[in-house]
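Chemist: Shown below is the structure under consideration.
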Amino acid sequence: MIKKLNKKIYLDYAATTPADPRVVKAMLPYFSEKFGNTMSLHSFGQEAKEVLEQSRGMVADLIGAKFNEIIFTSSATESNNLVLKGVALANRGGHIIISSIEHACIMESAKWLEKQGFEITRLPVDKYGLINPEHVKKEIKKDTILVSIMHANNEIGTIQPIEEIGKICHAKKTLFHTDAAQSFGKIPIDVNKMNIDLLTASSHKMYGPKGVACLFIRQGIKIEPILHGGGHESGLRPSTINLPAIVGFAKACEICKKQGKKESTRLIKLRDKLIKKVLKKIEGSCINGHFKKRLPNNANFSFASVEGESIMLQLDLLGVAASTGSACSSAKLEPSHVLVAIGLKPEQAHGSLRLSLGRWTTEKEINYVLKILPEVIEKLRKISPFKK
């Protein structure tokens with residue numbers, strides 16, 4: 001019998017993170033004390049506007065951007081839609097390149113643009129989930145208006161050679177966007193050194209509140225807004241800004257800048273221990289993604305002859321929150337497009353498990369997972385319809 005811990009263990013930090021208590025504390029005054037509308041000319045509004053611009057500078061500082069190159073949105077999904085559709089509409093035609101493992105909001109935006117007459121190229125990845133920069137170079141044409149390649153994959157954690165891809169895009173005079181929702185605050189980003197023109201980041205993936213994200217737009221780049229209304233956010237994103245959430249996002253960035261390197265080192269140690277021992281203890285297990293070029297907190301496994309959703313549910317019963325590559329919210333239960341893109345067969349993709357670590361993950365928790373996971377896999381294999 002597996003002895004369950006008294007507390008629940010959260011290993012799904014890639015899905016969302018709890019807000020850091022320091023973030024919550026920073027936000028509180030802006031709900032009822034300093035609540036002004038930034039577009040108002042009176043003192044309440046002007047005080048709010050000053051805080052907004054300070055927050056903008058704090059977010060920009062984390063990636064080496066200018067404060068006026070950051071606009072705030074409600075989510076990474078909104079930012080990514082604004083980039084693809086905004087650049088496309090500003091150019092009124094052309095060719096866009098994305099990877100085959102982008103987040104659904106990029107994939108679906110690209111599908112929508114295809115219906116509007118834009119040409120979309122989806123670049124393949126290798127078995128580790130890596131884009132070959134030479135493929136990008138080969139596919140850029142005279143009418144290519146945008147290349148959008150995610151910085152790090154949300155499922156398998158693979159980190160792309162963004163600096164090299166950006167250099168190629170700049171040499172070809174093509175705009176380069178990266179979705180950094182998973183990497184922002186976890187690994188260093190310098191938009192100038194990495195040749196990035198546009199970048200998406202999300203607050204709730206790095207211990208800030210939900211409901212706020214940002215888009216870095218290099219000065220001089222033209223984007224057509226996809227929402228229309230007032231003149232907020234340089235006319236690119238109308239609607240009254242969510243000041244408490246923006247303040248929280250900025251505080252989360254400040255914390256990441258101060259302790260990010262130390263936190264990353266700690267998580268890499270725990271991640272590597274988890275990966276090494278799972279592969280050693282569980283026969284028929286493999287790691288998905290690159291061994292070294294991966295996010296500090298990401299471990300994605302496939303287990304032969306067992307279904308990922310069953311693993312996830314069994315772990316949940318034992319107090320561990322994780323996620324799987326099988327689309328359990330889909331009526332069709334289709335395998336993850338990311339895992340299929342790296343060459344996994346559908347049954348292998350359905351046998352995946354993502355364990356993503358975070359700020360409050362302890363070695364004791366990792367040891368508990370290493371104890372129960374082999375037993376869970378063994379139990380499920382005995383009743384699996386996939387076993388040979």
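Quick note on naming: the chains in the structure tokens go A, B, ... in the order shown, residues restart at 1 in each chain, and ligands are numbered from 1 in order of appearance.
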Could you pull out the alpha helix (DSSP H) residues of range 106-335 of chain A from DSSP and send them as an NGL selection string?

Modeler: :A and (106-115 or 133-139 or 162-171 or 243-281 or 308-317)

Chemist: Residues near range 197-210 of chain A, anyone? I mean within 6 Å using only C-alpha atoms, not counting same-chain ones fewer than 4 positions away, as a list in words.

Modeler: Thr16, Thr17, Pro18, Ala19, Asp20, Ala76, Phe176, His177, Thr178, Asp179, Ala180, Ala181, Cys214, Leu215, Phe216, Ile217, Arg218, Ala245, Gly248, Phe249 and Ala252 of chain A

Chemist: Using C-alpha atoms, can you write the selected residues to a file as a JSON list (two decimals), in the first residue's frame?

Modeler:
[["chain", "number", "residue", "atom", "x", "y", "z"],
["A", 16, "THR", "CA", -0.31, 27.87, -13.90],
["A", 17, "THR", "CA", 1.53, 29.05, -10.80],
["A", 18, "PRO", "CA", 0.21, 30.26, -7.45],
["A", 19, "ALA", "CA", 0.68, 33.97, -6.93],
["A", 20, "ASP", "CA", 3.69, 34.71, -4.74],
["A", 76, "ALA", "CA", -0.70, 35.31, -23.75],
["A", 176, "PHE", "CA", 10.66, 37.75, -35.65],
["A", 177, "HIS", "CA", 8.24, 36.94, -32.83],
["A", 178, "THR", "CA", 8.67, 34.47, -29.99],
["A", 179, "ASP", "CA", 6.04, 33.18, -27.58],
["A", 180, "ALA", "CA", 7.96, 33.24, -24.29],
["A", 181, "ALA", "CA", 5.01, 32.44, -22.01],
["A", 214, "CYS", "CA", 2.28, 41.60, -22.08],
["A", 215, "LEU", "CA", 3.54, 42.02, -25.59],
["A", 216, "PHE", "CA", 6.95, 43.49, -26.39],
["A", 217, "ILE", "CA", 6.83, 45.41, -29.67],
["A", 218, "ARG", "CA", 10.13, 46.83, -30.86],
["A", 245, "ALA", "CA", -2.95, 42.66, -11.96],
["A", 248, "GLY", "CA", 1.31, 42.13, -9.49],
["A", 249, "PHE", "CA", 2.89, 41.17, -12.82],
["A", 252, "ALA", "CA", 6.63, 39.05, -10.09]]

Chemist: Check the smallest atom-to-atom distance from each of A:Gly57, A:Gly36, A:Gly343, A:Gly157 to Glu69 in chain A using only C-alpha atoms, then report the winner.

Modeler: A:Gly57

Chemist: Residues at most 8 Å from Ala321 in chain A, counting only C-alpha atoms, excluding those fewer than 6 positions away in the same chain, as a list in words?

Modeler: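 That gives Lys8, Ile9, Tyr10, Leu11, Asp12, Met312 and Leu315 of chain A.
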
Chemist: I want to know what sits within 10 Å of His232 in chain A, based on only C-alpha atoms, with residues of the same chain fewer than 5 positions away left out; could you give that as a list in words?

Modeler: Thr38, Met39, Ile71, Phe72, Arg237, Pro238, Ser239, Thr240 and Ile241 of chain A

Chemist: Give me a file of those residues, with N, CA and C atoms, as a PDB file, in the first residue's frame.

Modeler:
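Contents of out_19.pdb, as written:
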ATOM      1  N   THR A  38      -6.570  55.087 -15.362  1.00  0.00           N
ATOM      2  CA  THR A  38      -5.364  55.741 -15.888  1.00  0.00           C
ATOM      3  C   THR A  38      -5.656  56.771 -16.965  1.00  0.00           C
ATOM      4  N   MET A  39      -6.871  56.755 -17.521  1.00  0.00           N
ATOM      5  CA  MET A  39      -7.223  57.725 -18.562  1.00  0.00           C
ATOM      6  C   MET A  39      -7.867  58.989 -17.973  1.00  0.00           C
ATOM      7  N   ILE A  71       3.331  46.605 -24.073  1.00  0.00           N
ATOM      8  CA  ILE A  71       1.903  46.883 -23.900  1.00  0.00           C
ATOM      9  C   ILE A  71       1.299  45.730 -23.107  1.00  0.00           C
ATOM     10  N   PHE A  72       0.313  46.035 -22.281  1.00  0.00           N
ATOM     11  CA  PHE A  72      -0.319  45.015 -21.453  1.00  0.00           C
ATOM     12  C   PHE A  72      -1.598  44.499 -22.109  1.00  0.00           C
ATOM     13  N   ARG A 237      -4.383  48.348 -27.723  1.00  0.00           N
ATOM     14  CA  ARG A 237      -5.156  47.431 -26.904  1.00  0.00           C
ATOM     15  C   ARG A 237      -6.153  48.223 -26.047  1.00  0.00           C
ATOM     16  N   PRO A 238      -7.299  48.574 -26.656  1.00  0.00           N
ATOM     17  CA  PRO A 238      -8.288  49.355 -25.920  1.00  0.00           C
ATOM     18  C   PRO A 238      -8.928  48.563 -24.783  1.00  0.00           C
ATOM     19  N   SER A 239      -9.477  49.251 -23.854  1.00  0.00           N
ATOM     20  CA  SER A 239     -10.215  48.820 -22.649  1.00  0.00           C
ATOM     21  C   SER A 239      -9.422  49.246 -21.421  1.00  0.00           C
ATOM     22  N   THR A 240     -10.147  49.539 -20.365  1.00  0.00           N
ATOM     23  CA  THR A 240      -9.536  49.989 -19.118  1.00  0.00           C
ATOM     24  C   THR A 240      -8.560  48.939 -18.614  1.00  0.00           C
ATOM     25  N   ILE A 241      -7.359  49.370 -18.297  1.00  0.00           N
ATOM     26  CA  ILE A 241      -6.328  48.411 -17.904  1.00  0.00           C
ATOM     27  C   ILE A 241      -6.603  47.856 -16.499  1.00  0.00           C
TER      28      ILE A 241
END

Chemist: Could you jot down the CA of Asp190 in chain A to CA of Ile140 in chain A separation for me, Å, one decimal place?

Modeler: 23.8 Å

Chemist: Excluding Ser99 in chain A and its own-chain neighbours fewer than 5 positions away, which residues fall within 6 Å of it when counting only C-alpha atoms? Please give them as a list in words.

Modeler: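 Contacts, in chain order: Arg122, Leu123 and Ile149 of chain A.
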
Chemist: May I have all residues of range 12-210 of chain A that DSSP, computed from the backbone, assigns to strand (DSSP E), given as a PyMOL selection string?

Modeler: chain A and resi 70-73+95-99+119-123+144-148+175-179+198-202

Chemist: Report as a PyMOL selection string all protein, DNA and RNA residues lying within 12 Å of Asn298 in chain A, evaluated on only C-alpha atoms, omitting residues in the same chain fewer than 6 positions from it.

Modeler: chain A and resi 11-15+152-159+182-183+186+264+267-275+287-292+322-323+353-358

Chemist: Those residues with C-alpha atoms, as a compact mmCIF listing (two decimals), in the first residue's frame please?

Modeler:
# COMPACT_ATOMS: atom_id res chain seq x y z
CA LEU A 11 3.66 19.49 -10.00
CA ASP A 12 1.77 21.34 -12.73
CA TYR A 13 3.54 24.70 -12.60
CA ALA A 14 3.64 24.80 -16.41
CA ALA A 15 -0.16 25.05 -16.43
CA ALA A 152 10.38 27.03 -25.00
CA ASN A 153 7.68 24.44 -25.48
CA ASN A 154 4.95 24.22 -22.87
CA GLU A 155 4.72 20.41 -23.02
CA ILE A 156 8.22 19.04 -23.50
CA GLY A 157 10.22 22.04 -22.31
CA THR A 158 12.62 22.16 -25.27
CA ILE A 159 14.35 25.56 -25.65
CA GLN A 182 6.82 29.41 -20.58
CA SER A 183 10.37 30.79 -20.48
CA LYS A 186 12.61 31.15 -15.80
CA SER A 264 16.78 27.96 -11.71
CA LEU A 267 15.07 23.42 -9.96
CA ILE A 268 17.57 21.96 -12.44
CA LYS A 269 19.01 19.83 -9.63
CA LEU A 270 15.54 18.52 -8.67
CA ARG A 271 14.51 18.07 -12.32
CA ASP A 272 17.62 16.07 -13.18
CA LYS A 273 17.17 13.85 -10.13
CA LEU A 274 13.57 13.19 -11.12
CA ILE A 275 14.42 12.36 -14.73
CA ILE A 287 12.06 11.37 -21.67
CA ASN A 288 10.39 13.62 -24.23
CA GLY A 289 12.28 16.72 -25.34
CA HIS A 290 15.96 17.59 -25.18
CA PHE A 291 18.01 16.33 -22.21
CA LYS A 292 19.92 19.60 -21.73
CA ALA A 322 0.36 16.52 -12.84
CA SER A 323 -0.71 16.69 -16.49
CA LEU A 353 3.12 12.51 -18.24
CA ARG A 354 4.35 16.06 -17.63
CA LEU A 355 5.74 16.90 -14.21
CA SER A 356 6.57 20.59 -13.91
CA LEU A 357 8.31 21.89 -10.80
CA GLY A 358 8.19 25.31 -9.22

Chemist: Identify, on the basis of only C-alpha atoms, every residue whose closest approach to range 130-134 of chain A does not exceed 6 Å; exclude the query and any residue fewer than 5 positions from it along the same chain; express the result as a list in words.

Modeler: Val125, Gln160 and Ile165 of chain A

Chemist: Take the selection from the previous step and output its residues with C-alpha atoms, as a short mmCIF file (atom, residue, chain, number, x, y, z; two decimals), in the first residue's frame.

Modeler:
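Writing done, so here's again.cif:
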data_model
loop_
_atom_site.label_atom_id
_atom_site.label_comp_id
_atom_site.auth_asym_id
_atom_site.auth_seq_id
_atom_site.Cartn_x
_atom_site.Cartn_y
_atom_site.Cartn_z
CA VAL A 125 11.04 19.72 -35.53
CA GLN A 160 14.76 26.76 -29.24
CA ILE A 165 16.77 32.21 -35.70
#

Chemist: Considering only C-alpha atoms, state which residue in the set A:Thr174, A:Ser55, A:Gln116, A:Ser100 is at the smallest distance from Met150 in chain A.

Modeler: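 Looking at the shortest contact to Met150 in chain A, the residue is A:Ser100.
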
Chemist: For a test of reading the model, state the distance in Å between CA of Glu102 in chain A and CA of His151 in chain A, rounded to one decimal.

Modeler: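 So the two atoms, CA of Glu102 in chain A and CA of His151 in chain A, lie 9.7 Å apart.
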
Chemist: Write out as CSV the residues of range 267-299 of chain A that have any atom within 8 Å of an atom of range 369-374 of chain A, one row each with the nearest atom pair and its distance in Å to one decimal, counting only C-alpha atoms, sorted by chain and then rising number.

Modeler:
residue,atom,partner,partner_atom,distance
A:Leu274,CA,A:Leu370,CA,7.1
A:Lys277,CA,A:Leu370,CA,7.2
A:Val278,CA,A:Leu370,CA,6.7
A:Lys281,CA,A:Pro374,CA,6.8
A:Ile282,CA,A:Pro374,CA,5.8

Chemist: Between A:Tyr128, A:Lys138, A:Thr362, A:Phe184, which residue has the minimum interatomic distance to Asn300 in chain A, considering only C-alpha atoms?

Modeler: A:Tyr128

Chemist: Using only C-alpha atoms, which of A:Ala171, A:Leu243, A:Leu62, A:Leu82 sits nearest Ile187 in chain A?

Modeler: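 Selected residue with least distance to Ile187 in chain A: A:Leu62.
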